[in-house]
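**Q** Below is the file start_20.cif, with mmCIF, C-alpha atoms.
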data_input
loop_
_atom_site.label_atom_id
_atom_site.label_comp_id
_atom_site.auth_asym_id
_atom_site.auth_seq_id
_atom_site.Cartn_x
_atom_site.Cartn_y
_atom_site.Cartn_z
CA MET A 1 6.09 -1.18 25.82
CA VAL A 2 6.12 -4.88 25.04
CA ALA A 3 2.82 -6.76 24.96
CA ALA A 4 2.46 -9.47 27.58
CA GLY A 5 4.05 -12.65 26.31
CA ARG A 6 5.39 -11.05 23.12
CA ARG A 7 8.83 -12.20 22.12
CA ASP A 8 10.86 -10.76 19.30
CA ARG A 9 13.47 -12.51 17.25
CA ALA A 10 16.94 -10.98 17.15
CA PHE A 11 17.43 -8.35 14.46
CA HIS A 12 17.79 -10.06 11.08
CA LEU A 13 19.16 -7.85 8.31
CA GLY A 14 18.43 -10.43 5.63
CA ALA A 15 14.75 -10.59 6.57
CA LEU A 16 14.47 -6.80 6.70
CA LEU A 17 16.04 -6.53 3.24
CA PHE A 18 13.72 -9.27 1.98
CA PHE A 19 10.59 -7.39 3.07
CA GLU A 20 11.92 -4.06 1.78
CA ILE A 21 12.95 -5.47 -1.60
CA LEU A 22 9.73 -7.49 -1.93
CA THR A 23 7.57 -4.46 -1.19
CA LEU A 24 9.56 -2.08 -3.40
CA GLY A 25 9.68 -4.73 -6.13
CA VAL A 26 5.92 -5.20 -6.14
CA GLY A 27 5.56 -1.42 -6.30
CA MET A 28 7.93 -1.29 -9.27
CA LEU A 29 6.02 -4.11 -10.94
CA GLY A 30 2.82 -2.09 -10.55
CA GLY A 31 4.54 0.89 -12.11
CA LEU A 32 5.74 -1.22 -15.03
CA LEU A 33 2.30 -2.76 -15.53
CA GLY A 34 0.54 0.58 -15.59
CA GLY A 35 3.04 3.37 -16.02
CA MET A 36 1.66 6.88 -15.93
CA SER A 37 1.04 7.34 -19.63
CA GLY A 38 -1.61 9.91 -20.37
CA PHE A 39 -1.55 11.42 -16.86
CA ASP A 40 -0.70 14.89 -18.15
CA THR A 41 -3.42 14.82 -20.79
CA LEU A 42 -6.20 14.14 -18.27
CA ARG A 43 -8.27 16.85 -16.61
CA HIS A 44 -7.08 16.87 -13.00
CA PRO A 45 -9.27 17.16 -9.90
CA PRO A 46 -8.38 19.86 -7.35
CA LEU A 47 -5.41 19.04 -5.10
CA THR A 48 -3.75 16.79 -7.69
CA PRO A 49 0.00 16.93 -7.03
CA PRO A 50 2.50 17.15 -9.89
CA GLY A 51 3.35 13.82 -11.49
CA TRP A 52 6.85 13.64 -9.93
CA VAL A 53 5.32 13.54 -6.42
CA PHE A 54 3.75 10.11 -6.89
CA PRO A 55 6.92 7.99 -7.26
CA VAL A 56 8.58 9.85 -4.38
CA VAL A 57 5.63 9.36 -2.02
CA TRP A 58 5.12 5.74 -3.05
CA THR A 59 8.79 4.93 -2.48
CA VAL A 60 8.63 6.28 1.06
CA LEU A 61 5.35 4.45 1.69
CA TYR A 62 6.75 1.16 0.37
CA LEU A 63 9.79 1.51 2.64
CA LEU A 64 7.52 2.08 5.65
CA MET A 65 5.31 -0.86 4.64
CA GLY A 66 8.31 -3.18 4.23
CA LEU A 67 9.56 -2.20 7.68
CA ALA A 68 6.10 -2.83 9.15
CA ALA A 69 5.95 -6.30 7.57
CA TYR A 70 9.42 -7.08 8.89
CA LEU A 71 8.37 -6.05 12.42
CA ILE A 72 5.42 -8.45 12.22
CA TRP A 73 7.64 -11.25 10.93
CA ASN A 74 10.16 -10.47 13.69
CA THR A 75 7.54 -10.91 16.43
CA TYR A 76 6.65 -14.40 17.57
CA ASP A 77 2.86 -14.41 17.34
CA ILE A 78 0.49 -17.18 16.33
CA ASP A 79 -1.38 -14.75 14.02
CA GLY A 80 1.76 -13.38 12.36
CA PRO A 81 1.74 -15.68 9.30
CA ARG A 82 -1.98 -15.07 8.68
CA VAL A 83 -1.57 -11.30 8.92
CA LEU A 84 1.48 -11.38 6.64
CA ARG A 85 -0.58 -13.29 4.03
CA LEU A 86 -3.13 -10.48 4.26
CA TYR A 87 -0.26 -8.00 3.79
CA LEU A 88 0.82 -9.85 0.64
CA ALA A 89 -2.77 -9.88 -0.66
CA GLN A 90 -3.14 -6.11 -0.29
CA LEU A 91 0.27 -5.66 -1.91
CA ALA A 92 -0.89 -7.68 -4.94
CA VAL A 93 -4.12 -5.66 -5.18
CA ASN A 94 -2.04 -2.48 -4.97
CA ALA A 95 0.23 -3.62 -7.82
CA LEU A 96 -2.71 -4.14 -10.19
CA TRP A 97 -4.31 -0.71 -9.72
CA PRO A 98 -1.99 1.15 -12.16
CA LEU A 99 -2.77 -1.44 -14.82
CA PHE A 100 -6.50 -0.77 -14.51
CA PHE A 101 -6.23 3.01 -14.19
CA PHE A 102 -3.47 3.92 -16.65
CA ARG A 103 -2.90 1.14 -19.16
CA LEU A 104 -6.50 -0.04 -19.54
CA GLY A 105 -8.17 3.29 -18.72
CA TRP A 106 -10.79 1.57 -16.55
CA ARG A 107 -11.05 4.49 -14.15
CA LEU A 108 -14.37 3.59 -12.54
CA PHE A 109 -13.28 -0.04 -12.10
CA ALA A 110 -9.97 1.23 -10.71
CA PHE A 111 -11.89 3.30 -8.15
CA PHE A 112 -13.77 0.23 -6.91
CA TRP A 113 -10.48 -1.69 -6.95
CA LEU A 114 -9.09 1.02 -4.67
CA LEU A 115 -12.02 0.52 -2.31
CA LEU A 116 -11.06 -3.15 -2.12
CA LEU A 117 -7.47 -2.10 -1.46
CA ILE A 118 -8.55 0.30 1.30
CA ALA A 119 -10.51 -2.52 2.95
CA LEU A 120 -7.50 -4.85 2.75
CA ILE A 121 -5.15 -2.17 4.10
CA THR A 122 -7.54 -1.56 7.00
CA LEU A 123 -7.68 -5.26 7.80
CA THR A 124 -3.90 -5.54 7.56
CA LEU A 125 -3.38 -2.49 9.74
CA THR A 126 -5.80 -3.90 12.33
CA GLY A 127 -4.03 -7.25 12.33
CA PHE A 128 -0.68 -5.51 12.70
CA ARG A 129 -2.07 -3.46 15.59
CA TYR A 130 -2.86 -6.56 17.63
CA ILE A 131 0.61 -7.99 17.06
CA ARG A 132 2.78 -4.88 17.18
CA ARG A 133 1.44 -1.34 17.44
CA SER A 134 4.51 0.25 15.89
CA ALA A 135 3.95 -1.81 12.72
CA SER A 136 0.36 -0.61 12.45
CA ARG A 137 1.47 2.99 12.90
CA LEU A 138 3.89 2.59 10.00
CA MET A 139 0.92 1.62 7.80
CA ILE A 140 -1.19 4.71 8.61
CA PRO A 141 0.46 7.01 6.02
CA TYR A 142 -0.18 4.33 3.38
CA LEU A 143 -3.87 4.16 4.30
CA LEU A 144 -4.19 7.95 4.25
CA TRP A 145 -2.43 8.25 0.88
CA THR A 146 -4.62 5.49 -0.57
CA LEU A 147 -7.73 7.32 0.64
CA PHE A 148 -6.41 10.43 -1.12
CA ALA A 149 -5.72 8.30 -4.20
CA GLY A 150 -9.37 7.20 -4.08
CA TYR A 151 -10.47 10.83 -4.15
CA LEU A 152 -8.15 11.51 -7.09
CA ASN A 153 -9.24 8.36 -8.92
CA LEU A 154 -12.92 9.26 -8.63
CA GLY A 155 -12.15 12.85 -9.62
CA PHE A 156 -10.26 11.73 -12.74
CA TYR A 157 -13.15 9.44 -13.65
CA LEU A 158 -15.78 12.17 -13.24
CA LEU A 159 -13.76 14.83 -15.07
CA ASN A 160 -12.70 12.64 -17.98
CA THR A 161 -15.77 10.64 -18.95
#
Can I see the file as structure tokens?
**A**
Amino acid sequence: MVAAGRRDRAFHLGALLFFEILTLGVGMLGGLLGGMSGFDTLRHPPLTPPGWVFPVVWTVLYLLMGLAAYLIWNTYDIDGPRVLRLYLAQLAVNALWPLFFFRLGWRLFAFFWLLLLIALITLTLTGFRYIRRSASRLMIPYLLWTLFAGYLNLGFYLLNT
């Protein structure tokens, strides 16, 4: 169902690739900034998946996020640019988390950083919802995984202090 007055641009492969590459690239930058060094030496909270699960899940999430951002860009809406700036802000906050958690070992700070990220994701998802519901739905797995990451982050902090 199309919202009243909503108009979409024609499909634009270049723009889709831009949002996918941007989102995956920021995710890769976060991985390079933080890595996962020391993950295996930490005491793990219950429900911690094996280390190989994280890059697989994040890749899928980044692909969904890039598609969601493209759908917002592809919809003529006066709020689109503002909501996409919010998307970019949460992406930048996301990229810095591995630096704080892994490289610097600031696990409590990283937990509060994740709370900021969760707030930004929620705002982004809400903005997406008003422009294009399908884009907001694509962001839900990301929000859920980040909530789970918050649980893990706090668990790692509590078990390894």
**Q** Determine, counting all atoms listed in the file, which protein, DNA and RNA residues have an atom within 12 Å of an atom of A:His12; residues of the same chain fewer than 5 positions away are not included. Present the result as a PDB file with C-alpha atoms, keeping the file's coordinate frame.
**A**
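And here's part_26.pdb as it stands now:
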ATOM      1  CA  LEU A  17      16.040  -6.530   3.240  1.00  0.00           C
ATOM      2  CA  PHE A  18      13.720  -9.270   1.980  1.00  0.00           C
ATOM      3  CA  PHE A  19      10.590  -7.390   3.070  1.00  0.00           C
ATOM      4  CA  LEU A  67       9.560  -2.200   7.680  1.00  0.00           C
ATOM      5  CA  TYR A  70       9.420  -7.080   8.890  1.00  0.00           C
ATOM      6  CA  LEU A  71       8.370  -6.050  12.420  1.00  0.00           C
ATOM      7  CA  TRP A  73       7.640 -11.250  10.930  1.00  0.00           C
ATOM      8  CA  ASN A  74      10.160 -10.470  13.690  1.00  0.00           C
ATOM      9  CA  THR A  75       7.540 -10.910  16.430  1.00  0.00           C
TER      10      THR A  75
END
**Q** So that I can see what lies close to A:Leu125, please list as a ChimeraX atom specification the residues with an atom at most 8 Å from it, counting all atoms listed in the file and leaving out residues fewer than 5 positions away in the same chain.
**A** /A:135-137,139-140
**Q** Using the chain letters and numbers from this file, what does the PyMOL selection byres ((chain A and resi 58) around 12) select? Give the answer as JSON, numbers by chain.
**A** {"A": [23, 24, 25, 26, 27, 28, 30, 31, 51, 52, 53, 54, 55, 56, 57, 59, 60, 61, 62, 63, 64, 65, 66, 94, 95, 141, 142, 143, 145, 146, 149]}
**Q** Any chance you could resolve the PyMOL selection byres ((chain A and resi 156-161) around 10) against this file and give the residues as a list in words?
**A**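 When the PyMOL selection byres ((chain A and resi 156-161) around 10) is applied, the selected residues are Phe39, Thr41, Leu42, Arg43, His44, Pro45, Pro46, Thr48, Phe101, Gly105, Trp106, Arg107, Leu108, Phe109, Ala110, Phe111, Gly150, Tyr151, Leu152, Asn153, Leu154 and Gly155 of chain A.
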**Q** Evaluate the PyMOL selection byres ((chain A and resi 102) around 7) against this structure - the residues, as a PyMOL selection string, please.
**A** chain A and resi 34-37+98-101+103-105
**Q** Have a look at A:Gln90, A:Arg132, A:Ile118, A:Pro81 and name the one nearest to A:Phe148; count all atoms listed in the file.
**A**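 Closest to A:Phe148 of all the choices is A:Ile118.
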**Q** Interatomic distance between atom CA of A:Gly80 and atom CA of A:Ser134?
**A**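 Straight-line distance from atom CA of A:Gly80 to atom CA of A:Ser134 works out to 14.3 Å.
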**Q** Please provide the set of residues having any atom within 12 Å of A:Arg82, restricted to only C-alpha atoms, with same-chain residues fewer than 4 positions apart removed, written as a PDB file with C-alpha atoms, in the frame of the given file.
**A**
ATOM      1  CA  ALA A  69       5.950  -6.300   7.570  1.00  0.00           C
ATOM      2  CA  ILE A  72       5.420  -8.450  12.220  1.00  0.00           C
ATOM      3  CA  TRP A  73       7.640 -11.250  10.930  1.00  0.00           C
ATOM      4  CA  ASP A  77       2.860 -14.410  17.340  1.00  0.00           C
ATOM      5  CA  ILE A  78       0.490 -17.180  16.330  1.00  0.00           C
ATOM      6  CA  LEU A  86      -3.130 -10.480   4.260  1.00  0.00           C
ATOM      7  CA  TYR A  87      -0.260  -8.000   3.790  1.00  0.00           C
ATOM      8  CA  LEU A  88       0.820  -9.850   0.640  1.00  0.00           C
ATOM      9  CA  ALA A  89      -2.770  -9.880  -0.660  1.00  0.00           C
ATOM     10  CA  LEU A 123      -7.680  -5.260   7.800  1.00  0.00           C
ATOM     11  CA  THR A 124      -3.900  -5.540   7.560  1.00  0.00           C
ATOM     12  CA  GLY A 127      -4.030  -7.250  12.330  1.00  0.00           C
ATOM     13  CA  PHE A 128      -0.680  -5.510  12.700  1.00  0.00           C
ATOM     14  CA  ILE A 131       0.610  -7.990  17.060  1.00  0.00           C
TER      15      ILE A 131
END
**Q** Report as AutoDock Vina command-line options the centre and the edge lengths, in Å to one decimal, of the axis-aligned box holding every listed atom of stretch 104-120 of chain A, padded by 6 Å on each side.
**A**
--center_x -10.4 --center_y -0.2 --center_z -8.3 --size_x 19.9 --size_y 21.3 --size_z 34.5
**Q** Between A:Trp97, A:Thr126, A:Tyr76, A:Leu114, which residue has the minimum interatomic distance to A:Ala10, considering only C-alpha atoms?
**A**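 Selected residue with least distance to A:Ala10: A:Tyr76.
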**Q** Using all atoms listed in the file, which residue out of A:Val83, A:Leu116, A:Leu91, A:Leu144 lies closest to A:Leu22?
**A**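 Counting all atoms listed in the file, the residue closest to A:Leu22 is A:Leu91.
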